[in-house]
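Visitor: Take a look at the following structure, please.
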Amino acid sequence: MVYSPFVNLESLPRAEPCALPTDLPPVNDQTKLKKYVRNKATNGKWGINQGIRRHAWKHLLAVSHDSPEIETFRAQKSAYFEQEGQERNLRVPDFAKGDFALSTYHLNKDGVIALQVVLTIISLTYPQISYCPLMAPIASLCLHFMTEEETYACVSKLISKEFMSEGSEFLQTTNVTYVAFCNTLFALVRTLDPQGRNVNNTKSVCSAREQFEQWVWWILRDLPLSYTVRIIDCYLVEGVKVLYRAAFAILALKRKHSEDCDQDENSMRRFVRNMEKHASEEKFIKLMYRTKMPSRAEIGKVLAICREEALANGARTSMVTADAITLETIDSIIISHDQLHVLWSWLPVKSSIFQPHILYQTSRDGFNLSQLYRKVEAVQPIIILINTLGNQIIGAYVSKKLSERGKYEKGLGYFGDGQTFLFTLSPTAAKYEWVGLGEGKGFDPGCSLFISAQSERLVVGGGNHEGLAVDWALDKGTSQTCTTFNNPPLVPSVDFKVKNLEVLGLRAE
């Protein structure tokens, strides 16, 4: 197999089958292996249609048929895509949203679905990833030559600590690290490129910096694919230093071949898209390695400075944005579609990949807690929405089935886990997470009282007081500061009256 079943063969060069070469160094000799791959990539030995690439990339990342990442993928896919065809209704995880539409290259429809599955399972396995726009193009390129599970394993390796060192990270997984990664090129050009005067002579440093904000997409979006694949060969050997090399090569060629040295975004994109007119693949790769570059340690120092600048300038470690989420419209009489987007941006990743639907409405099903239990107790998770007579919109994300209340015969019988949270949507939007999620914070068992579902009262959040509670008739409730969520009262006064109450569930399609 050269190309995978996920690509549109009509748009790619004819494949040249290639068995595993006898001279490919073994996985356990990474020094020889990296030297071998770099030599083949820089000397024009491997075109895009060479079957060796699948073997080489897997070897570089120590991926084999029995890698634990393969088993993880199979288990996660089995657990979250039980129904045949369910994966066709997926939404792209928020961390990968940025340039996803530009990152599918020559994938066919099945390939795009496979890419969504891989990214979704990455989001389930690595919930700490908040922003990683480079993951989609890298995974997409892997899918041109590999199976879903092999692609997942390769991407997992790229974000694992064993493949990360200062100055040579493969993938940035937060907004801060991504912004620092992008800004580092501008810093390197200004200080290290002997012809950096083209940048320093611009009208202002700010305008020059703006011209470089999208530089990585010159490589992953605008270059002909055959160039990009060769660069990724080298990237898997050296890490992001290779992307900086490629950017320097593009800048050098732009200065040499363009009459106008203007480096605005549109001009640069036009130039890069026509790279075949300016340099062959082999010439481009060799130019990358003729360019004098700082060491990984030196790049690491510049990255650290850029990271501090990003933090100082307000870059966030999380890039969850409601506008990036595509949700179906529901017939809620409590929240607007915009508010639903905000709410969905707060959900755990494994829940946010599904669509909302209404399980219970007091206007339709009545004001009765027992009826609510009968309707929703077997569903996990659920979202409780309450519109008070004071026009506040408050609620809770409940991570466990309410049927677990049956395990407790006496007392409040709290159950649940730390994914449960309280929130307000109007007049202000705010999320109140479990205090146990706070870094470095100690807490006692009284801070782990998540859900109590008794016949006369439904409570979310306990400890000293109840964070949110409604009575058996669903017409009255209370909200106070509780130790589990350390929330302020969700309403101006302790007690409130219920105007409408809804319970939302999650579904795949």
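Labels used: A, B, ... for chains in the order of the structure tokens, numbers from 1 for residues in each chain, and numbers from 1 for ligands as shown.
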Report the residues of stretch 343-445 of chain A whose backbone DSSP state falls under strand (DSSP E or B), written as a count of residues only.
Guide: 30
Visitor: Taking 6 positions as the minimum chain separation for residues in the same chain, which residues sit within 12 Å of A:Arg74 when counting only C-alpha atoms? Answer as a ChimeraX atom specification.
Guide: /A:65-68,80-82,117-118,121,125,147-150,152-153
Visitor: Hey, can you spit out that residue selection with all heavy atoms as a short mmCIF file (atom, residue, chain, number, x, y, z; two decimals), in the first residue's frame?
Guide:
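To be explicit, this is the file written out as selection_31.cif:
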```
data_model
loop_
_atom_site.label_atom_id
_atom_site.label_comp_id
_atom_site.auth_asym_id
_atom_site.auth_seq_id
_atom_site.Cartn_x
_atom_site.Cartn_y
_atom_site.Cartn_z
N HIS A 65 2.46 -2.41 15.11
CA HIS A 65 1.11 -2.97 15.20
C HIS A 65 0.70 -3.25 16.64
O HIS A 65 -0.49 -3.32 16.94
CB HIS A 65 1.04 -4.26 14.38
CG HIS A 65 1.83 -5.40 14.96
ND1 HIS A 65 3.18 -5.52 14.77
CD2 HIS A 65 1.45 -6.45 15.74
CE1 HIS A 65 3.62 -6.61 15.40
NE2 HIS A 65 2.59 -7.19 15.99
N ASP A 66 1.68 -3.43 17.55
CA ASP A 66 1.34 -3.72 18.94
C ASP A 66 1.62 -2.54 19.87
O ASP A 66 1.73 -2.71 21.08
CB ASP A 66 2.10 -4.96 19.41
CG ASP A 66 3.61 -4.81 19.30
OD1 ASP A 66 4.07 -3.80 18.72
OD2 ASP A 66 4.33 -5.71 19.78
N SER A 67 1.75 -1.34 19.31
CA SER A 67 1.94 -0.15 20.15
C SER A 67 0.72 0.05 21.06
O SER A 67 -0.42 -0.17 20.63
CB SER A 67 2.14 1.10 19.29
OG SER A 67 3.33 1.02 18.55
N PRO A 68 0.92 0.45 22.30
CA PRO A 68 -0.22 0.67 23.20
C PRO A 68 -1.19 1.71 22.67
O PRO A 68 -2.38 1.66 22.96
CB PRO A 68 0.44 1.11 24.51
CG PRO A 68 1.84 1.54 24.15
CD PRO A 68 2.21 0.70 22.97
N TYR A 80 -16.97 4.86 21.95
CA TYR A 80 -17.67 6.09 21.60
C TYR A 80 -18.36 6.06 20.25
O TYR A 80 -19.13 6.95 19.92
CB TYR A 80 -16.71 7.29 21.67
CG TYR A 80 -16.39 7.65 23.09
CD1 TYR A 80 -15.25 7.16 23.70
CD2 TYR A 80 -17.24 8.45 23.83
CE1 TYR A 80 -14.95 7.46 25.01
CE2 TYR A 80 -16.96 8.76 25.14
CZ TYR A 80 -15.81 8.27 25.73
OH TYR A 80 -15.54 8.57 27.04
N PHE A 81 -18.09 5.03 19.46
CA PHE A 81 -18.75 4.92 18.17
C PHE A 81 -19.37 3.53 18.05
O PHE A 81 -19.05 2.76 17.16
CB PHE A 81 -17.77 5.18 17.02
CG PHE A 81 -17.05 6.48 17.15
CD1 PHE A 81 -15.70 6.51 17.43
CD2 PHE A 81 -17.72 7.68 17.01
CE1 PHE A 81 -15.02 7.71 17.56
CE2 PHE A 81 -17.05 8.88 17.14
CZ PHE A 81 -15.71 8.90 17.41
N GLU A 82 -20.25 3.23 18.99
CA GLU A 82 -20.85 1.89 19.04
C GLU A 82 -21.76 1.63 17.84
O GLU A 82 -21.81 0.54 17.31
CB GLU A 82 -21.64 1.72 20.33
CG GLU A 82 -20.76 1.79 21.58
CD GLU A 82 -21.58 1.72 22.85
OE1 GLU A 82 -22.82 1.78 22.74
OE2 GLU A 82 -20.99 1.61 23.93
N VAL A 117 -12.54 11.42 13.18
CA VAL A 117 -12.50 10.37 14.21
C VAL A 117 -11.19 10.43 14.98
O VAL A 117 -11.17 10.39 16.22
CB VAL A 117 -12.69 8.98 13.56
CG1 VAL A 117 -12.38 7.88 14.57
CG2 VAL A 117 -14.10 8.83 13.03
N VAL A 118 -10.08 10.54 14.27
CA VAL A 118 -8.77 10.60 14.92
C VAL A 118 -8.69 11.80 15.87
O VAL A 118 -8.27 11.67 17.03
CB VAL A 118 -7.64 10.66 13.87
CG1 VAL A 118 -6.31 11.00 14.54
CG2 VAL A 118 -7.54 9.35 13.12
N ILE A 121 -10.89 11.25 19.01
CA ILE A 121 -10.33 10.33 19.99
C ILE A 121 -9.10 10.94 20.66
O ILE A 121 -8.86 10.71 21.86
CB ILE A 121 -10.03 8.97 19.33
CG1 ILE A 121 -11.35 8.33 18.89
CG2 ILE A 121 -9.30 8.04 20.29
CD1 ILE A 121 -11.21 6.99 18.21
N THR A 125 -8.72 11.32 24.70
CA THR A 125 -7.57 10.74 25.40
C THR A 125 -6.70 11.80 26.05
O THR A 125 -6.09 11.56 27.09
CB THR A 125 -6.71 9.93 24.40
OG1 THR A 125 -7.56 9.06 23.64
CG2 THR A 125 -5.69 9.08 25.14
N THR A 147 -3.33 3.96 8.17
CA THR A 147 -4.68 3.68 8.66
C THR A 147 -5.06 4.69 9.73
O THR A 147 -4.21 5.48 10.19
CB THR A 147 -4.75 2.28 9.28
OG1 THR A 147 -3.91 2.24 10.45
CG2 THR A 147 -4.32 1.21 8.29
N GLU A 148 -6.33 4.67 10.14
CA GLU A 148 -6.78 5.54 11.24
C GLU A 148 -5.96 5.30 12.50
O GLU A 148 -5.48 6.25 13.13
CB GLU A 148 -8.25 5.26 11.56
CG GLU A 148 -9.27 5.88 10.65
CD GLU A 148 -10.68 5.56 11.13
OE1 GLU A 148 -10.88 4.54 11.82
OE2 GLU A 148 -11.58 6.34 10.81
N GLU A 149 -5.83 4.05 12.88
CA GLU A 149 -5.19 3.76 14.16
C GLU A 149 -3.69 4.07 14.12
O GLU A 149 -3.11 4.53 15.12
CB GLU A 149 -5.42 2.31 14.57
CG GLU A 149 -5.00 1.27 13.56
CD GLU A 149 -5.49 -0.12 13.92
OE1 GLU A 149 -6.57 -0.27 14.55
OE2 GLU A 149 -4.78 -1.08 13.58
N GLU A 150 -3.06 3.88 12.97
CA GLU A 150 -1.65 4.25 12.85
C GLU A 150 -1.49 5.76 12.94
O GLU A 150 -0.54 6.27 13.56
CB GLU A 150 -1.09 3.73 11.52
CG GLU A 150 -0.92 2.23 11.47
CD GLU A 150 -0.57 1.73 10.08
OE1 GLU A 150 -0.81 2.47 9.10
OE2 GLU A 150 -0.08 0.59 9.97
N TYR A 152 -3.51 7.86 14.50
CA TYR A 152 -3.72 8.21 15.91
C TYR A 152 -2.45 7.95 16.71
O TYR A 152 -2.02 8.79 17.51
CB TYR A 152 -4.88 7.41 16.50
CG TYR A 152 -4.97 7.54 18.01
CD1 TYR A 152 -5.65 8.59 18.59
CD2 TYR A 152 -4.34 6.61 18.84
CE1 TYR A 152 -5.70 8.73 19.98
CE2 TYR A 152 -4.39 6.73 20.21
CZ TYR A 152 -5.08 7.79 20.78
OH TYR A 152 -5.11 7.92 22.14
N ALA A 153 -1.83 6.80 16.50
CA ALA A 153 -0.62 6.46 17.26
C ALA A 153 0.51 7.45 16.98
O ALA A 153 1.22 7.88 17.89
CB ALA A 153 -0.18 5.04 16.92
#
```
Visitor: Taking only C-alpha atoms into account, which of A:Thr104, A:Arg255, A:Arg245, A:Ala304 comes nearest A:Leu220?
Guide: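 Selected residue with least distance to A:Leu220: A:Thr104.
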Visitor: So the first atom is atom CA of A:Phe450 and the second is atom CA of A:Trp434; what is the distance between them in Å, to one decimal place?
Guide: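 A separation of 8.5 Å between them.
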Visitor: From a DSSP pass on the backbone, collect the residues of stretch 309-487 of chain A flagged as helix (DSSP H, G or I) and hand them back as a PyMOL selection string.
Guide: chain A and resi 309-312+322-324+337-346+349-352+362-365+369-376+402-407+435-437+445-447
Visitor: Can you tell me, as a list in words, what residues are no more than 8 Å from A:Pro356 when counting only C-alpha atoms, ignoring any on the same chain fewer than 5 positions away?
Guide: Leu327, Glu328, Ile330, Leu504, Gly505, Leu506 and Arg507 of chain A
Visitor: For the residues selected in the previous step, produce a file with all heavy atoms as a CSV table (one decimal), in the first residue's frame.
Guide:
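Final output, result.csv:
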```csv
chain,number,residue,atom,x,y,z
A,327,LEU,N,-23.8,23.7,16.4
A,327,LEU,CA,-24.8,23.0,17.1
A,327,LEU,C,-26.1,23.1,16.4
A,327,LEU,O,-26.4,24.1,15.7
A,327,LEU,CB,-25.0,23.6,18.5
A,327,LEU,CG,-23.8,23.4,19.5
A,327,LEU,CD1,-24.1,24.2,20.8
A,327,LEU,CD2,-23.6,22.0,19.8
A,328,GLU,N,-26.9,22.0,16.5
A,328,GLU,CA,-28.2,22.1,16.0
A,328,GLU,C,-29.1,22.9,16.8
A,328,GLU,O,-28.9,23.1,18.0
A,328,GLU,CB,-28.8,20.6,15.9
A,328,GLU,CG,-28.0,19.7,15.0
A,328,GLU,CD,-28.5,18.3,15.1
A,328,GLU,OE1,-29.5,18.0,15.9
A,328,GLU,OE2,-28.0,17.4,14.3
A,330,ILE,N,-32.4,23.8,19.0
A,330,ILE,CA,-33.3,23.0,19.8
A,330,ILE,C,-34.5,24.0,20.2
A,330,ILE,O,-34.3,25.2,20.2
A,330,ILE,CB,-32.7,22.4,21.1
A,330,ILE,CG1,-32.1,23.5,21.9
A,330,ILE,CG2,-31.6,21.4,20.7
A,330,ILE,CD1,-31.6,23.0,23.3
A,504,LEU,N,-31.6,18.7,29.3
A,504,LEU,CA,-31.0,18.3,28.0
A,504,LEU,C,-30.2,17.1,28.0
A,504,LEU,O,-29.5,16.8,29.0
A,504,LEU,CB,-30.1,19.5,27.4
A,504,LEU,CG,-30.7,20.9,27.3
A,504,LEU,CD1,-29.6,21.8,26.7
A,504,LEU,CD2,-31.9,20.9,26.5
A,505,GLY,N,-30.3,16.3,27.0
A,505,GLY,CA,-29.4,15.1,26.8
A,505,GLY,C,-28.5,15.3,25.7
A,505,GLY,O,-28.6,16.4,25.0
A,506,LEU,N,-27.6,14.3,25.4
A,506,LEU,CA,-26.7,14.4,24.3
A,506,LEU,C,-26.9,13.3,23.3
A,506,LEU,O,-27.2,12.1,23.8
A,506,LEU,CB,-25.2,14.4,24.8
A,506,LEU,CG,-24.9,15.4,25.9
A,506,LEU,CD1,-23.4,15.2,26.3
A,506,LEU,CD2,-25.1,16.8,25.5
A,507,ARG,N,-26.8,13.5,22.1
A,507,ARG,CA,-27.0,12.5,21.1
A,507,ARG,C,-26.0,12.7,19.9
A,507,ARG,O,-25.5,13.8,19.7
A,507,ARG,CB,-28.4,12.4,20.5
A,507,ARG,CG,-28.9,13.7,19.8
A,507,ARG,CD,-30.4,13.6,19.4
A,507,ARG,NE,-30.9,14.8,18.9
A,507,ARG,CZ,-30.7,15.2,17.6
A,507,ARG,NH1,-30.0,14.5,16.8
A,507,ARG,NH2,-31.2,16.4,17.2
```
Visitor: Determine the nearest neighbour of A:Lys286 from the options A:Gln380, A:Asn39, A:Asn28, A:Thr151, counting only C-alpha atoms.
Guide: A:Asn39
Visitor: Between A:Tyr373, A:Tyr105, A:Phe423, A:Phe354, which residue has the minimum interatomic distance to A:Arg457, considering only C-alpha atoms?
Guide: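 Under the stated criterion, the closest residue is A:Tyr373.
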Visitor: Between A:Ser448, A:Leu253, A:Val342, A:Val237, which is the closest to A:Ser426 once you count only C-alpha atoms?
Guide: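 So, comparing all the options, the nearest one is A:Val342.
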